[in-house]
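S.K.: Okay, here's the structure, questions in a sec.
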Amino acid sequence: MNKKMYYGIGAVASIVFLVLAVIIKMSYTTKALAFDGSIQNFAFHLQSSAVIRVFFTNLTNLFGDTGGFITAAVVCLVLFFILKQKIGALWFGILTVASTVVNTVVKSVIGRVRPDIHRLSAFAHESGQSFASGHSVFATVLFGALFLIYFKKMRTSGSKFGFGLLALILTLIIMFSRIFVGVHYPSDTLGGFLEGLAFLMFTYPTFIKFNERNYKLKILQ
């Protein structure tokens, strides 16, 4: 895809995100959207399994404020020093900081109250606003960036599809973890995904430009 395609996807994600944000701001700051309830009920039924509770509790903590910071720092260090993806590490680091700042502002502006049903006891007192899910933004940026950093290095369409599908599945699992523990509506996680996708698509062409320039400089040296 050329850069116009990336910008186009980013624009569509941004528009859908803005429409969703406006709808929630106008009428749903204290209640669920129509499609939220059925997904919340499905997650609630899964809470009866101790194994699933432990899995999603640990997973959502891994991508929380402290866990997310550590995860992002480790990914940046591995990309920079071990995998020698210096431009990729810088891009991911900037994306993480920028998306966190923007999402904090979005939460404050929208002011949606977190759901108060089906909460696991460990998350009964979790504070903060609900829309959009910061975990979902971070997961989208993390797995999306890793996929895109290596996209042009993958030689076959099968490997691209497989890696892309894996990135999407991992993102969806993180999104669902927030619904499972009861601190977000599904529409919150959808908003986080769209927000993260917009960040990726609007900045990926710039990453490609600097990455190619860095590659050419290495050849000339």
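Residues in the structure tokens are named by chain (A, B, ... in the order shown) and by number from 1 within that chain; ligands are numbered from 1 in the order shown.
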Find the residues near segment 38-45 of chain A: any atom within 12 Å, counting only C-alpha atoms, skip ones fewer than 3 places away on the same chain, and give them as a ChimeraX atom specification.

M.R.: /A:32-35,48-50,52-53,56,115-120,173,175-189

S.K.: Hey, what's within 12 Å of segment 11-15 of chain A if we count only C-alpha atoms and toss same-chain stuff fewer than 5 positions away? As a PDB file with N, CA, C and O atoms, in the first residue's frame, please?

M.R.:
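Contents of the output file result-v3.pdb:
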ATOM      1  N   LYS A   4      -0.958   7.079   0.586  1.00  0.00           N
ATOM      2  CA  LYS A   4      -2.333   7.566   0.514  1.00  0.00           C
ATOM      3  C   LYS A   4      -3.300   6.551   1.120  1.00  0.00           C
ATOM      4  O   LYS A   4      -4.294   6.929   1.735  1.00  0.00           O
ATOM      5  N   MET A   5      -2.990   5.279   0.930  1.00  0.00           N
ATOM      6  CA  MET A   5      -3.834   4.229   1.499  1.00  0.00           C
ATOM      7  C   MET A   5      -3.760   4.245   3.029  1.00  0.00           C
ATOM      8  O   MET A   5      -4.781   4.138   3.714  1.00  0.00           O
ATOM      9  N   TYR A   6      -2.544   4.413   3.549  1.00  0.00           N
ATOM     10  CA  TYR A   6      -2.392   4.477   5.006  1.00  0.00           C
ATOM     11  C   TYR A   6      -3.124   5.683   5.574  1.00  0.00           C
ATOM     12  O   TYR A   6      -3.818   5.577   6.593  1.00  0.00           O
ATOM     13  N   LEU A  20     -18.283   7.927  17.173  1.00  0.00           N
ATOM     14  CA  LEU A  20     -18.549   7.143  18.384  1.00  0.00           C
ATOM     15  C   LEU A  20     -18.383   8.010  19.630  1.00  0.00           C
ATOM     16  O   LEU A  20     -19.214   7.951  20.555  1.00  0.00           O
ATOM     17  N   ALA A  21     -17.331   8.829  19.654  1.00  0.00           N
ATOM     18  CA  ALA A  21     -17.076   9.690  20.809  1.00  0.00           C
ATOM     19  C   ALA A  21     -18.205  10.698  21.014  1.00  0.00           C
ATOM     20  O   ALA A  21     -18.641  10.941  22.150  1.00  0.00           O
ATOM     21  N   VAL A  22     -18.689  11.280  19.915  1.00  0.00           N
ATOM     22  CA  VAL A  22     -19.775  12.266  20.006  1.00  0.00           C
ATOM     23  C   VAL A  22     -21.059  11.617  20.502  1.00  0.00           C
ATOM     24  O   VAL A  22     -21.763  12.165  21.360  1.00  0.00           O
ATOM     25  N   LEU A 190     -13.486  -0.537  21.603  1.00  0.00           N
ATOM     26  CA  LEU A 190     -13.550  -0.228  20.173  1.00  0.00           C
ATOM     27  C   LEU A 190     -12.970   1.156  19.909  1.00  0.00           C
ATOM     28  O   LEU A 190     -12.195   1.352  18.965  1.00  0.00           O
ATOM     29  N   GLY A 191     -13.333   2.119  20.757  1.00  0.00           N
ATOM     30  CA  GLY A 191     -12.783   3.458  20.622  1.00  0.00           C
ATOM     31  C   GLY A 191     -11.273   3.463  20.766  1.00  0.00           C
ATOM     32  O   GLY A 191     -10.565   4.146  20.012  1.00  0.00           O
ATOM     33  N   GLY A 192     -10.745   2.696  21.711  1.00  0.00           N
ATOM     34  CA  GLY A 192      -9.304   2.603  21.887  1.00  0.00           C
ATOM     35  C   GLY A 192      -8.609   2.000  20.688  1.00  0.00           C
ATOM     36  O   GLY A 192      -7.531   2.449  20.275  1.00  0.00           O
ATOM     37  N   PHE A 193      -9.230   0.975  20.104  1.00  0.00           N
ATOM     38  CA  PHE A 193      -8.668   0.350  18.903  1.00  0.00           C
ATOM     39  C   PHE A 193      -8.614   1.346  17.744  1.00  0.00           C
ATOM     40  O   PHE A 193      -7.594   1.456  17.050  1.00  0.00           O
ATOM     41  N   LEU A 194      -9.705   2.071  17.516  1.00  0.00           N
ATOM     42  CA  LEU A 194      -9.751   3.043  16.433  1.00  0.00           C
ATOM     43  C   LEU A 194      -8.733   4.164  16.648  1.00  0.00           C
ATOM     44  O   LEU A 194      -8.084   4.615  15.697  1.00  0.00           O
ATOM     45  N   GLU A 195      -8.597   4.590  17.888  1.00  0.00           N
ATOM     46  CA  GLU A 195      -7.635   5.640  18.211  1.00  0.00           C
ATOM     47  C   GLU A 195      -6.206   5.172  17.921  1.00  0.00           C
ATOM     48  O   GLU A 195      -5.410   5.880  17.297  1.00  0.00           O
ATOM     49  N   GLY A 196      -5.879   3.970  18.389  1.00  0.00           N
ATOM     50  CA  GLY A 196      -4.551   3.423  18.144  1.00  0.00           C
ATOM     51  C   GLY A 196      -4.281   3.203  16.671  1.00  0.00           C
ATOM     52  O   GLY A 196      -3.177   3.463  16.178  1.00  0.00           O
ATOM     53  N   LEU A 197      -5.295   2.714  15.939  1.00  0.00           N
ATOM     54  CA  LEU A 197      -5.150   2.481  14.500  1.00  0.00           C
ATOM     55  C   LEU A 197      -4.872   3.783  13.763  1.00  0.00           C
ATOM     56  O   LEU A 197      -4.037   3.817  12.847  1.00  0.00           O
ATOM     57  N   ALA A 198      -5.559   4.849  14.141  1.00  0.00           N
ATOM     58  CA  ALA A 198      -5.344   6.148  13.510  1.00  0.00           C
ATOM     59  C   ALA A 198      -3.902   6.615  13.728  1.00  0.00           C
ATOM     60  O   ALA A 198      -3.243   7.112  12.789  1.00  0.00           O
ATOM     61  N   PHE A 199      -3.395   6.468  14.936  1.00  0.00           N
ATOM     62  CA  PHE A 199      -2.002   6.842  15.214  1.00  0.00           C
ATOM     63  C   PHE A 199      -1.040   6.058  14.331  1.00  0.00           C
ATOM     64  O   PHE A 199      -0.087   6.617  13.768  1.00  0.00           O
ATOM     65  N   LEU A 200      -1.268   4.762  14.209  1.00  0.00           N
ATOM     66  CA  LEU A 200      -0.399   3.922  13.395  1.00  0.00           C
ATOM     67  C   LEU A 200      -0.413   4.343  11.929  1.00  0.00           C
ATOM     68  O   LEU A 200       0.641   4.518  11.305  1.00  0.00           O
ATOM     69  N   MET A 201      -1.598   4.511  11.378  1.00  0.00           N
ATOM     70  CA  MET A 201      -1.727   4.783   9.959  1.00  0.00           C
ATOM     71  C   MET A 201      -1.209   6.172   9.569  1.00  0.00           C
ATOM     72  O   MET A 201      -0.601   6.346   8.513  1.00  0.00           O
ATOM     73  N   PHE A 202      -1.416   7.153  10.414  1.00  0.00           N
ATOM     74  CA  PHE A 202      -0.967   8.509  10.092  1.00  0.00           C
ATOM     75  C   PHE A 202       0.553   8.662  10.222  1.00  0.00           C
ATOM     76  O   PHE A 202       1.141   9.557   9.605  1.00  0.00           O
ATOM     77  N   THR A 203       1.189   7.809  11.016  1.00  0.00           N
ATOM     78  CA  THR A 203       2.634   7.953  11.237  1.00  0.00           C
ATOM     79  C   THR A 203       3.479   6.917  10.514  1.00  0.00           C
ATOM     80  O   THR A 203       4.692   7.107  10.365  1.00  0.00           O
TER      81      THR A 203
END

S.K.: To test your reading of the structure, identify every residue in segment 26-150 of chain A that backbone DSSP assigns to alpha helix (DSSP H), and report it as number ranges by chain.

M.R.: A: 26-27, 36-46, 50-62, 65-77, 86-110, 134-150

S.K.: Taking only C-alpha atoms into account, name the residue in A:Phe161, A:Phe17, A:Phe92, A:Phe131 that is nearest to Thr29 of chain A.

M.R.: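 When distances to Thr29 of chain A are compared using only C-alpha atoms, the smallest one comes from A:Phe131.
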
S.K.: Find the residues near Val75 of chain A: any atom within 12 Å, counting only C-alpha atoms, skip ones fewer than 5 places away on the same chain, and give them as a PyMOL selection string.

M.R.: chain A and resi 68-70+80-86+88-93+96+141-143+145-146

S.K.: Figure out the distance between atom CA of Gly144 of chain A and atom CA of Tyr7 of chain A, please, to one decimal in Å.

M.R.: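 Those two atoms sit 15.3 Å apart.
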
S.K.: From the list A:Phe147, A:Val19, A:Arg112, A:Phe123, which residue is nearest Gly162 of chain A when using only C-alpha atoms?

M.R.: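 Checking each candidate against Gly162 of chain A, we get A:Phe147 as the closest.
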
S.K.: Report as a PyMOL selection string all protein, DNA and RNA residues lying within 6 Å of Val113 of chain A, evaluated on only C-alpha atoms, omitting residues in the same chain fewer than 3 positions from it.

M.R.: chain A and resi 29-30+129-130

S.K.: Could you write out the selected residues, including N, CA and C atoms, as a short mmCIF file (atom, residue, chain, number, x, y, z; two decimals), in the first residue's frame?

M.R.:
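The result, written out as result17.cif:
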data_model
loop_
_atom_site.label_atom_id
_atom_site.label_comp_id
_atom_site.auth_asym_id
_atom_site.auth_seq_id
_atom_site.Cartn_x
_atom_site.Cartn_y
_atom_site.Cartn_z
N THR A 29 -22.78 8.72 28.56
CA THR A 29 -21.67 8.85 29.51
C THR A 29 -21.89 8.04 30.79
N THR A 30 -23.12 7.64 31.03
CA THR A 30 -23.41 6.88 32.25
C THR A 30 -24.11 5.55 31.97
N GLN A 129 -11.72 7.61 34.02
CA GLN A 129 -12.80 7.63 33.04
C GLN A 129 -12.73 6.41 32.13
N SER A 130 -13.79 6.19 31.38
CA SER A 130 -13.94 4.93 30.68
C SER A 130 -13.62 4.98 29.18
#

S.K.: From the list A:Val51, A:Leu59, A:Lys3, A:Ile110, which residue is nearest Ser27 of chain A when using only C-alpha atoms?

M.R.: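 Among the listed residues, A:Ile110 lies closest to Ser27 of chain A.
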